[in-house]
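> One structure follows; several queries about it will come next.
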Protein chains: 2
Amino acid sequence: MAKTTPKIPKGTRDLLPIEAMRREYIFATLKGIFQKYGFGPIETPAYELLETLTGKYGDEGDKLMFKVLPRGRKLDSALKAYEASPDNGFEVEEALRYDLTVPFARFVVQHQNDLTFPFKRYQIQPVWRADRPQKGRYREFFQCDVDVIGSDSLWNEVELVKILFEGFSALSLGDIVIKLNNRKVLFGVAEVLGETERFQQLTIAFDKFDKVGASGVLDELRNSGFEEQTLQSISPLLNDGLSLEAMKPFLANSEIGQKGLDELQFVLDKLTDEERKNVIFDATLARGLNYYTGAIIEVVHKDFPSSIAGGGRYDDLTGVFGLQGMSGVGVSFGADRIYDLMLEKSAFPSHVKVATEVLFLNFGDTEASYAYTVMQELRKAGVSCELYPDAAKIKKQFKYADNKGVRFVALIGDSEMNDQTITLKDMDSGNQETLSVTEALQKIH
Amino acid sequence: MAKTTPKIPKGTRDLLPIEAMRREYIFATLKGIFQKYGFGPIETPAYELLETLTGKYGDEGDKLMFKVLPRGRKLDSALKAYEASPDNGFEVEEALRYDLTVPFARFVVQHQNDLTFPFKRYQIQPVWRADRPQKGRYREFFQCDVDVIGSDSLWNEVELVKILFEGFSALSLGDIVIKLNNRKVLFGVAEVLGETERFQQLTIAFDKFDKVGASGVLDELRNSGFEEQTLQSISPLLNDGLSLEAMKPFLANSEIGQKGLDELQFVLDKLTDEERKNVIFDATLARGLNYYTGAIIEVVHKDFPSSIAGGGRYDDLTGVFGLQGMSGVGVSFGADRIYDLMLEKSAFPSHVKVATEVLFLNFGDTEASYAYTVMQELRKAGVSCELYPDAAKIKKQFKYADNKGVRFVALIGDSEMNDQTITLKDMDSGNQETLSVTEALQKIH
């Protein structure tokens, strides 16, 4: 084996223990809430058949998918086929998961006979995209999705908004704003403007409102060929901040637009006064994705530049896999962004650390053997302990204790062995006490 | 988008909610123990640079690795290179993780300045192998590894054996047998026989003792060209069951063999009497892998045909990545096998389920709105609840409650709204009671 300098693929990263524990804390917190709301976990394989994924994410997605190389004879025949007609591209059969939504749709159709509908699932797994890596954007990242499928009741939207509030509050990020919109409202606007044909261009322009403001949106629409008269009709909506009240008269003649407003109102009515303060209607919110058909949801935090969660309703996600009429609604927590924001705001509780509470020093085999039996008693009581594995210099052992951030160092020498005691040194205060095991346990707890 | 019949790649599987919860229970139980023993989690990317993995798992491993297709221009140039000289194979740069040990070694070298040594880590992540799928063997499966690196102290071996006992006991699989051996003992045997040149063939034959018995091992050695005299020397060892006592005189003239026996004795001496009963010395245990240099550990259960955990010591795992003299020792829990065995023995606690405790029936928006506020009170007290999202037929709602296995159904109609009460129906007994919210909470807890 030749020596290799260790490197990691571009756009990926390792998690050190403290990082892995922090992420685990985020997931454990959210899982607890999902379960309290009646959601159960599912998992799907890291790679899917290419036919399951292709065409679901647009051309960009097809390009950014990580394809898995065929193996053995299949590789040979794929290479031969490519040689024969390179224009057909190189044939692969499998690709790494690009998101959790399409695999979820595939899962629902494949296992429909084993599921109880409405089916409420959460799924926390990594996905892979061959994007150009940049600060805070990785080629491997976790998604944390929670969805209900098989029910078009608006109570599901209510539940998801409540989950967002409860989730972020549990993560000490209570200071969020939830933006709500409804694709039907957006469509109503297009209808009123007589621009249903150019609905997509309209929503793409609206979606940029946050970044470019009213004049930016109007410029983009002007450049796309929208007429001045249309722009004039939209202008007051954009400048009034597009409040729910302002929309009502505007959409008076659009049935679908009114329906969208009613749906929004249903959800808003179910919020507590406290929650209501942190929810805004945002008629420019489109979240790009074309498959949303009803609610559109996005969560922002004043101290973070981009959204930290988002989602919406999609009326026919499983249709492409042959199961019609399955309406779904879901939200996705942006795990990596939440991690970064929590770190910035010191929102991780102090117990989230690699938590050895007591390090037993090693003064040689006889002392260590005695220490070991004491240590096992502490562990039985739930205390996290270690024995330093070698009878190394005390300075070195204390340095290890320091580096690991242990609370107590336990010293056991001749006198402790004779008296069946243990000397505990508090690493914060430096205080040292010789105690019975029972007393030591009380001190630690 | 064309319709596709949903399928999943060969050798992979989905986890339904109950399956995902069971696996999560196994991992959470083991994580708790690892942390109590001072181990912290790490994570590495799903794919590594090919150069990190190649040559570490033998020819078989190189063949079974899932390679990731190059993207964009890199794909074009790889295809061109292949066209020019097919004999060089198709050039890829990345492959999916094949195990957790090599990525761990790469991690340790790459992050050596950020780690505290001895470094104690656990890692629970999926790995991928393009093996021929068969019952109970998947192409994607989880490994659950716990290792100490940077210490050659035998206390680490002791800790790992204790972790195995505590881990399986916590999973209600206390009835295990831990087999121990030491590569030095095996080498000592080869030395005594004058067969150090053919050490590997000897261990491969020994490794089959469990399956083929003494005569099978002797036959294999005979076929490999070992002389009759050698076979006669080994024969009594095999037939005596190769006890630790029997080995002592046999290895009297092998220094390394004696050292191996001493190391084993050190570990055995640290066990409680109860533990000692479930540990056996097994001089035929080799576990195939060539990199073990000291302890070899394997866990079996009488009700399962293959080992359910295993590991050992490897003296120079990071050498190939340029960091010398880092001795490591670790064990790996066979998560899938443990899952299957626990299922067979009904070892999962009853609380491991998709645990909605109370389903609130939906009798229409007014009732549902009232029910929702009650439900949020129960959730605040930690009770897992759901509101049926539609005012569907009662029979359908009860069927949902049945399918999800909820404990109570909550009915809220006019009288409950007037009296600020809630009617709880116990789904097991069929009993029904009308209670205040406080009383309901007491009943549920």
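Ligands are numbered from 1 in the order shown, chains are lettered A, B, ... in the order of the structure tokens, and residues start at 1 in each chain.
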Please provide as a list in words all residues within 10 Å of B:Gly38, with the sequence filter that same-chain residues fewer than 5 positions apart are discarded (counting only C-alpha atoms).
Val354, Ala355, Thr356, Glu357, Val358, Leu359, Val383, Ser384, Cys385, Glu386, Leu387, Lys404 and Val406 of chain A; Ile33, Phe119, Lys120, Arg121 and Tyr122 of chain B
> May I have all residues of stretch 148-335 of chain A that DSSP, computed from the backbone, assigns to helix (DSSP H, G or I), given as a tab-separated table (two decimals) with N, CA, C and O atoms, in the first residue's frame?

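Heads up, here's the output in out05.tsv:
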chain	number	residue	atom	x	y	z
A	155	TRP	N	-56.00	21.66	8.17
A	155	TRP	CA	-55.47	21.39	9.51
A	155	TRP	C	-54.01	20.94	9.44
A	155	TRP	O	-53.24	21.15	10.36
A	156	ASN	N	-53.65	20.29	8.35
A	156	ASN	CA	-52.25	19.87	8.20
A	156	ASN	C	-51.32	21.06	8.12
A	156	ASN	O	-50.24	21.07	8.70
A	157	GLU	N	-51.76	22.11	7.38
A	157	GLU	CA	-50.96	23.33	7.32
A	157	GLU	C	-50.81	23.93	8.72
A	157	GLU	O	-49.74	24.39	9.11
A	158	VAL	N	-51.94	23.91	9.47
A	158	VAL	CA	-51.90	24.44	10.84
A	158	VAL	C	-50.86	23.67	11.65
A	158	VAL	O	-50.00	24.27	12.32
A	159	GLU	N	-50.92	22.34	11.58
A	159	GLU	CA	-49.99	21.51	12.33
A	159	GLU	C	-48.53	21.84	11.98
A	159	GLU	O	-47.68	21.94	12.86
A	160	LEU	N	-48.27	22.02	10.70
A	160	LEU	CA	-46.88	22.29	10.29
A	160	LEU	C	-46.40	23.64	10.80
A	160	LEU	O	-45.26	23.78	11.23
A	161	VAL	N	-47.28	24.64	10.78
A	161	VAL	CA	-46.89	25.95	11.32
A	161	VAL	C	-46.62	25.83	12.81
A	161	VAL	O	-45.63	26.38	13.33
A	162	LYS	N	-47.44	25.06	13.51
A	162	LYS	CA	-47.21	24.85	14.95
A	162	LYS	C	-45.89	24.13	15.19
A	162	LYS	O	-45.15	24.44	16.13
A	163	ILE	N	-45.62	23.13	14.34
A	163	ILE	CA	-44.35	22.40	14.47
A	163	ILE	C	-43.16	23.33	14.27
A	163	ILE	O	-42.16	23.25	14.97
A	164	LEU	N	-43.28	24.24	13.30
A	164	LEU	CA	-42.19	25.20	13.07
A	164	LEU	C	-41.97	26.06	14.32
A	164	LEU	O	-40.84	26.24	14.78
A	165	PHE	N	-43.07	26.58	14.88
A	165	PHE	CA	-42.93	27.40	16.08
A	165	PHE	C	-42.31	26.59	17.22
A	165	PHE	O	-41.37	27.03	17.87
A	166	GLU	N	-42.85	25.40	17.43
A	166	GLU	CA	-42.37	24.60	18.56
A	166	GLU	C	-40.93	24.14	18.34
A	166	GLU	O	-40.11	24.14	19.26
A	167	GLY	N	-40.61	23.76	17.09
A	167	GLY	CA	-39.26	23.31	16.78
A	167	GLY	C	-38.22	24.40	17.01
A	167	GLY	O	-37.23	24.18	17.72
A	168	PHE	N	-38.46	25.57	16.47
A	168	PHE	CA	-37.47	26.63	16.62
A	168	PHE	C	-37.40	27.13	18.05
A	168	PHE	O	-36.33	27.50	18.54
A	169	SER	N	-38.53	27.13	18.73
A	169	SER	CA	-38.52	27.54	20.13
A	169	SER	C	-37.69	26.55	20.95
A	169	SER	O	-36.86	26.95	21.77
A	170	ALA	N	-37.85	25.25	20.68
A	170	ALA	CA	-37.08	24.24	21.42
A	170	ALA	C	-35.59	24.37	21.13
A	170	ALA	O	-34.75	24.01	21.95
A	183	ARG	N	-50.21	29.48	-3.42
A	183	ARG	CA	-50.05	29.50	-4.87
A	183	ARG	C	-51.33	29.98	-5.56
A	183	ARG	O	-51.28	30.61	-6.63
A	184	LYS	N	-52.48	29.72	-4.95
A	184	LYS	CA	-53.74	30.15	-5.55
A	184	LYS	C	-53.87	31.67	-5.55
A	184	LYS	O	-54.48	32.24	-6.45
A	185	VAL	N	-53.31	32.31	-4.55
A	185	VAL	CA	-53.30	33.78	-4.53
A	185	VAL	C	-52.44	34.30	-5.68
A	185	VAL	O	-52.84	35.21	-6.41
A	186	LEU	N	-51.28	33.68	-5.82
A	186	LEU	CA	-50.40	34.08	-6.94
A	186	LEU	C	-51.11	33.89	-8.27
A	186	LEU	O	-51.04	34.74	-9.17
A	187	PHE	N	-51.81	32.77	-8.38
A	187	PHE	CA	-52.51	32.50	-9.64
A	187	PHE	C	-53.65	33.48	-9.85
A	187	PHE	O	-53.92	33.92	-10.97
A	188	GLY	N	-54.33	33.83	-8.73
A	188	GLY	CA	-55.39	34.83	-8.80
A	188	GLY	C	-54.88	36.16	-9.32
A	188	GLY	O	-55.54	36.82	-10.14
A	189	VAL	N	-53.71	36.56	-8.85
A	189	VAL	CA	-53.11	37.80	-9.33
A	189	VAL	C	-52.90	37.73	-10.84
A	189	VAL	O	-53.26	38.65	-11.59
A	190	ALA	N	-52.35	36.62	-11.30
A	190	ALA	CA	-52.13	36.45	-12.74
A	190	ALA	C	-53.46	36.52	-13.50
A	190	ALA	O	-53.55	37.11	-14.58
A	191	GLU	N	-54.49	35.91	-12.89
A	191	GLU	CA	-55.80	35.89	-13.52
A	191	GLU	C	-56.35	37.31	-13.66
A	191	GLU	O	-56.82	37.71	-14.73
A	192	VAL	N	-56.28	38.06	-12.56
A	192	VAL	CA	-56.78	39.44	-12.57
A	192	VAL	C	-56.03	40.28	-13.61
A	192	VAL	O	-56.60	41.13	-14.28
A	193	LEU	N	-54.74	39.99	-13.74
A	193	LEU	CA	-53.92	40.74	-14.70
A	193	LEU	C	-54.08	40.23	-16.12
A	193	LEU	O	-53.54	40.82	-17.06
A	196	THR	N	-52.33	34.70	-17.07
A	196	THR	CA	-52.16	33.32	-16.61
A	196	THR	C	-51.18	32.54	-17.48
A	196	THR	O	-50.55	31.60	-17.03
A	197	GLU	N	-51.06	32.96	-18.74
A	197	GLU	CA	-50.11	32.30	-19.65
A	197	GLU	C	-48.67	32.49	-19.18
A	197	GLU	O	-47.81	31.65	-19.41
A	198	ARG	N	-48.45	33.68	-18.59
A	198	ARG	CA	-47.08	33.96	-18.16
A	198	ARG	C	-46.95	33.87	-16.63
A	198	ARG	O	-46.18	34.60	-16.00
A	199	PHE	N	-47.75	32.93	-16.05
A	199	PHE	CA	-47.80	32.78	-14.60
A	199	PHE	C	-46.41	32.54	-14.00
A	199	PHE	O	-46.01	33.15	-13.01
A	200	GLN	N	-45.68	31.65	-14.66
A	200	GLN	CA	-44.38	31.29	-14.11
A	200	GLN	C	-43.41	32.48	-14.06
A	200	GLN	O	-42.74	32.70	-13.06
A	201	GLN	N	-43.37	33.25	-15.18
A	201	GLN	CA	-42.49	34.42	-15.21
A	201	GLN	C	-42.87	35.42	-14.10
A	201	GLN	O	-42.02	36.02	-13.47
A	202	LEU	N	-44.19	35.53	-13.91
A	202	LEU	CA	-44.68	36.45	-12.88
A	202	LEU	C	-44.19	36.01	-11.49
A	202	LEU	O	-43.68	36.83	-10.71
A	203	THR	N	-44.34	34.73	-11.20
A	203	THR	CA	-43.94	34.27	-9.87
A	203	THR	C	-42.43	34.34	-9.68
A	203	THR	O	-41.96	34.66	-8.59
A	204	ILE	N	-41.70	34.05	-10.75
A	204	ILE	CA	-40.24	34.15	-10.62
A	204	ILE	C	-39.83	35.58	-10.26
A	204	ILE	O	-38.98	35.80	-9.40
A	205	ALA	N	-40.48	36.56	-10.90
A	205	ALA	CA	-40.19	37.96	-10.60
A	205	ALA	C	-40.61	38.31	-9.17
A	205	ALA	O	-39.84	38.92	-8.41
A	206	PHE	N	-41.80	37.88	-8.78
A	206	PHE	CA	-42.30	38.13	-7.42
A	206	PHE	C	-41.34	37.57	-6.38
A	206	PHE	O	-41.09	38.18	-5.35
A	207	ASP	N	-40.82	36.38	-6.67
A	207	ASP	CA	-39.97	35.66	-5.72
A	207	ASP	C	-38.73	36.48	-5.36
A	207	ASP	O	-38.10	36.25	-4.33
A	209	PHE	N	-38.72	39.71	-4.83
A	209	PHE	CA	-39.11	40.93	-4.13
A	209	PHE	C	-38.21	41.22	-2.93
A	209	PHE	O	-37.74	42.35	-2.75
A	210	ASP	N	-37.93	40.19	-2.13
A	210	ASP	CA	-37.09	40.37	-0.94
A	210	ASP	C	-35.74	40.96	-1.27
A	210	ASP	O	-35.19	41.75	-0.50
A	211	LYS	N	-35.19	40.54	-2.40
A	211	LYS	CA	-33.83	40.97	-2.74
A	211	LYS	C	-33.79	42.28	-3.50
A	211	LYS	O	-32.92	43.10	-3.30
A	212	VAL	N	-34.75	42.46	-4.43
A	212	VAL	CA	-34.61	43.61	-5.35
A	212	VAL	C	-35.70	44.68	-5.12
A	212	VAL	O	-35.65	45.75	-5.75
A	213	GLY	N	-36.66	44.42	-4.25
A	213	GLY	CA	-37.69	45.41	-3.96
A	213	GLY	C	-38.69	45.56	-5.10
A	213	GLY	O	-38.61	44.90	-6.14
A	214	ALA	N	-39.66	46.47	-4.87
A	214	ALA	CA	-40.75	46.67	-5.83
A	214	ALA	C	-40.22	47.07	-7.21
A	214	ALA	O	-40.62	46.50	-8.24
A	215	SER	N	-39.29	48.03	-7.24
A	215	SER	CA	-38.83	48.52	-8.53
A	215	SER	C	-38.08	47.43	-9.28
A	215	SER	O	-38.18	47.32	-10.51
A	216	GLY	N	-37.35	46.59	-8.53
A	216	GLY	CA	-36.63	45.48	-9.16
A	216	GLY	C	-37.57	44.49	-9.81
A	216	GLY	O	-37.34	44.01	-10.94
A	217	VAL	N	-38.66	44.18	-9.09
A	217	VAL	CA	-39.65	43.25	-9.64
A	217	VAL	C	-40.26	43.83	-10.91
A	217	VAL	O	-40.37	43.14	-11.95
A	218	LEU	N	-40.62	45.12	-10.85
A	218	LEU	CA	-41.24	45.77	-12.02
A	218	LEU	C	-40.27	45.80	-13.20
A	218	LEU	O	-40.65	45.54	-14.34
A	219	ASP	N	-39.00	46.08	-12.91
A	219	ASP	CA	-37.98	46.08	-13.98
A	219	ASP	C	-37.90	44.71	-14.65
A	219	ASP	O	-37.88	44.60	-15.87
A	220	GLU	N	-37.85	43.68	-13.80
A	220	GLU	CA	-37.73	42.34	-14.37
A	220	GLU	C	-38.93	42.01	-15.25
A	220	GLU	O	-38.78	41.45	-16.34
A	221	LEU	N	-40.12	42.37	-14.77
A	221	LEU	CA	-41.33	42.09	-15.56
A	221	LEU	C	-41.32	42.89	-16.86
A	221	LEU	O	-41.69	42.40	-17.93
A	222	ARG	N	-40.87	44.15	-16.76
A	222	ARG	CA	-40.79	45.01	-17.95
A	222	ARG	C	-39.85	44.36	-18.98
A	222	ARG	O	-40.18	44.23	-20.15
A	223	ASN	N	-38.71	43.90	-18.48
A	223	ASN	CA	-37.74	43.26	-19.39
A	223	ASN	C	-38.29	41.97	-19.99
A	223	ASN	O	-37.90	41.59	-21.10
A	228	GLU	N	-46.93	48.00	-19.71
A	228	GLU	CA	-46.91	49.04	-18.68
A	228	GLU	C	-48.19	49.04	-17.86
A	228	GLU	O	-48.18	49.25	-16.65
A	229	GLN	N	-49.31	48.77	-18.55
A	229	GLN	CA	-50.60	48.78	-17.85
A	229	GLN	C	-50.65	47.72	-16.75
A	229	GLN	O	-51.11	47.95	-15.64
A	230	THR	N	-50.12	46.53	-17.09
A	230	THR	CA	-50.04	45.45	-16.11
A	230	THR	C	-49.17	45.87	-14.93
A	230	THR	O	-49.52	45.67	-13.77
A	231	LEU	N	-48.04	46.46	-15.26
A	231	LEU	CA	-47.11	46.87	-14.21
A	231	LEU	C	-47.79	47.88	-13.28
A	231	LEU	O	-47.60	47.84	-12.06
A	232	GLN	N	-48.56	48.78	-13.89
A	232	GLN	CA	-49.26	49.79	-13.06
A	232	GLN	C	-50.27	49.14	-12.12
A	232	GLN	O	-50.47	49.60	-11.00
A	233	SER	N	-50.90	48.05	-12.59
A	233	SER	CA	-51.87	47.36	-11.72
A	233	SER	C	-51.17	46.69	-10.54
A	233	SER	O	-51.71	46.61	-9.44
A	234	ILE	N	-50.00	46.16	-10.81
A	234	ILE	CA	-49.28	45.45	-9.74
A	234	ILE	C	-48.65	46.42	-8.74
A	234	ILE	O	-48.61	46.15	-7.55
A	235	SER	N	-48.19	47.54	-9.27
A	235	SER	CA	-47.38	48.46	-8.48
A	235	SER	C	-47.94	48.77	-7.09
A	235	SER	O	-47.20	48.63	-6.09
A	236	PRO	N	-49.21	49.15	-6.94
A	236	PRO	CA	-49.69	49.45	-5.58
A	236	PRO	C	-49.60	48.24	-4.65
A	236	PRO	O	-49.29	48.38	-3.46
A	237	LEU	N	-49.84	47.05	-5.18
A	237	LEU	CA	-49.74	45.85	-4.34
A	237	LEU	C	-48.34	45.71	-3.78
A	237	LEU	O	-48.15	45.43	-2.60
A	238	LEU	N	-47.38	45.90	-4.66
A	238	LEU	CA	-45.99	45.77	-4.22
A	238	LEU	C	-45.66	46.87	-3.22
A	238	LEU	O	-45.01	46.61	-2.19
A	239	ASN	N	-46.11	48.07	-3.48
A	239	ASN	CA	-45.75	49.18	-2.61
A	239	ASN	C	-46.50	49.19	-1.29
A	239	ASN	O	-45.98	49.66	-0.28
A	244	LEU	N	-52.77	41.12	3.40
A	244	LEU	CA	-53.92	40.26	3.12
A	244	LEU	C	-55.15	41.13	2.84
A	244	LEU	O	-55.94	40.83	1.92
A	245	GLU	N	-55.31	42.22	3.58
A	245	GLU	CA	-56.43	43.12	3.37
A	245	GLU	C	-56.40	43.73	1.98
A	245	GLU	O	-57.41	43.81	1.28
A	246	ALA	N	-55.21	44.17	1.57
A	246	ALA	CA	-55.07	44.82	0.26
A	246	ALA	C	-55.40	43.86	-0.87
A	246	ALA	O	-55.84	44.26	-1.95
A	247	MET	N	-55.18	42.58	-0.61
A	247	MET	CA	-55.40	41.59	-1.66
A	247	MET	C	-56.88	41.33	-1.91
A	247	MET	O	-57.28	40.98	-3.01
A	248	LYS	N	-57.68	41.45	-0.85
A	248	LYS	CA	-59.08	41.03	-0.97
A	248	LYS	C	-59.82	41.74	-2.09
A	248	LYS	O	-60.41	41.09	-2.97
A	249	PRO	N	-59.82	43.08	-2.10
A	249	PRO	CA	-60.49	43.73	-3.23
A	249	PRO	C	-59.80	43.45	-4.56
A	249	PRO	O	-60.46	43.26	-5.59
A	250	PHE	N	-58.50	43.38	-4.53
A	250	PHE	CA	-57.76	43.14	-5.77
A	250	PHE	C	-58.18	41.83	-6.43
A	250	PHE	O	-58.31	41.72	-7.64
A	255	GLU	N	-61.96	33.72	-8.60
A	255	GLU	CA	-62.44	32.70	-7.67
A	255	GLU	C	-61.28	31.98	-7.00
A	255	GLU	O	-61.25	31.78	-5.79
A	256	ILE	N	-60.31	31.62	-7.81
A	256	ILE	CA	-59.19	30.87	-7.25
A	256	ILE	C	-58.37	31.74	-6.28
A	256	ILE	O	-57.91	31.27	-5.23
A	257	GLY	N	-58.26	33.01	-6.63
A	257	GLY	CA	-57.55	33.93	-5.75
A	257	GLY	C	-58.25	34.04	-4.39
A	257	GLY	O	-57.60	33.99	-3.33
A	258	GLN	N	-59.59	34.15	-4.41
A	258	GLN	CA	-60.35	34.22	-3.17
A	258	GLN	C	-60.17	32.94	-2.34
A	258	GLN	O	-60.04	32.99	-1.12
A	259	LYS	N	-60.15	31.81	-3.05
A	259	LYS	CA	-59.96	30.54	-2.35
A	259	LYS	C	-58.60	30.53	-1.63
A	259	LYS	O	-58.49	30.08	-0.49
A	260	GLY	N	-57.59	31.03	-2.32
A	260	GLY	CA	-56.27	31.11	-1.72
A	260	GLY	C	-56.28	31.95	-0.45
A	260	GLY	O	-55.70	31.57	0.58
A	261	LEU	N	-57.00	33.11	-0.52
A	261	LEU	CA	-57.08	33.98	0.66
A	261	LEU	C	-57.83	33.29	1.79
A	261	LEU	O	-57.41	33.38	2.96
A	262	ASP	N	-58.90	32.56	1.46
A	262	ASP	CA	-59.65	31.82	2.49
A	262	ASP	C	-58.76	30.77	3.16
A	262	ASP	O	-58.81	30.59	4.38
A	263	GLU	N	-57.99	30.09	2.35
A	263	GLU	CA	-57.11	29.06	2.91
A	263	GLU	C	-56.09	29.68	3.88
A	263	GLU	O	-55.84	29.13	4.96
A	264	LEU	N	-55.55	30.80	3.46
A	264	LEU	CA	-54.60	31.50	4.34
A	264	LEU	C	-55.28	31.91	5.64
A	264	LEU	O	-54.72	31.75	6.73
A	265	GLN	N	-56.50	32.45	5.50
A	265	GLN	CA	-57.23	32.93	6.68
A	265	GLN	C	-57.51	31.78	7.66
A	265	GLN	O	-57.38	31.95	8.87
A	266	PHE	N	-57.84	30.61	7.10
A	266	PHE	CA	-58.11	29.44	7.95
A	266	PHE	C	-56.91	29.15	8.85
A	266	PHE	O	-57.04	28.94	10.05
A	267	VAL	N	-55.74	29.16	8.24
A	267	VAL	CA	-54.53	28.85	9.01
A	267	VAL	C	-54.25	29.95	10.04
A	267	VAL	O	-54.00	29.67	11.22
A	268	LEU	N	-54.35	31.20	9.60
A	268	LEU	CA	-54.05	32.32	10.52
A	268	LEU	C	-54.99	32.31	11.72
A	268	LEU	O	-54.58	32.61	12.84
A	269	ASP	N	-56.27	31.93	11.49
A	269	ASP	CA	-57.25	31.92	12.58
A	269	ASP	C	-56.92	30.90	13.66
A	269	ASP	O	-57.44	30.99	14.78
A	273	ASP	N	-52.42	34.40	19.71
A	273	ASP	CA	-52.05	35.80	19.48
A	273	ASP	C	-50.53	35.94	19.39
A	273	ASP	O	-50.01	36.69	18.56
A	274	GLU	N	-49.84	35.22	20.27
A	274	GLU	CA	-48.39	35.28	20.30
A	274	GLU	C	-47.80	34.80	18.96
A	274	GLU	O	-46.90	35.44	18.40
A	275	GLU	N	-48.34	33.69	18.47
A	275	GLU	CA	-47.84	33.15	17.19
A	275	GLU	C	-48.17	34.11	16.05
A	275	GLU	O	-47.35	34.36	15.16
A	276	ARG	N	-49.40	34.64	16.10
A	276	ARG	CA	-49.87	35.51	15.03
A	276	ARG	C	-48.92	36.68	14.79
A	276	ARG	O	-48.74	37.12	13.64
A	319	GLY	N	-48.38	11.32	-8.54
A	319	GLY	CA	-48.96	11.03	-9.85
A	319	GLY	C	-47.94	10.47	-10.82
A	319	GLY	O	-48.22	9.54	-11.58
A	320	VAL	N	-46.75	11.02	-10.78
A	320	VAL	CA	-45.71	10.59	-11.72
A	320	VAL	C	-45.31	9.12	-11.49
A	320	VAL	O	-44.79	8.47	-12.38
A	321	PHE	N	-45.59	8.62	-10.28
A	321	PHE	CA	-45.32	7.20	-10.01
A	321	PHE	C	-46.59	6.35	-10.10
A	321	PHE	O	-46.63	5.22	-9.62
A	335	ALA	N	-31.15	22.07	8.12
A	335	ALA	CA	-30.32	21.63	9.25
A	335	ALA	C	-28.99	22.38	9.34
A	335	ALA	O	-28.58	22.80	10.42
> Point out the residue among A:Val146, A:Met21, A:Ile444, A:Ile26 with the least atom-to-atom distance to chain B, counting only C-alpha atoms.
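The closest residue to chain B is A:Met21.
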> Kindly give the distance, in Å, that separates atom CA of B:Gly325 and atom CA of B:Asp282, rounded to a single decimal.
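The value is 28.0 Å.
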> Would you please work out which residue, of B:Ser224, B:Gln125, B:Ser153, B:Asn182, is nearest to chain A when using only C-alpha atoms?
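Between B:Ser224, B:Gln125, B:Ser153, B:Asn182, the residue approaching chain A most closely is B:Ser153.
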> Rank nothing, just name the residue among A:Thr12, A:Asn113, A:Ser243, A:Gln134 nearest to chain B, using only C-alpha atoms.
A:Thr12
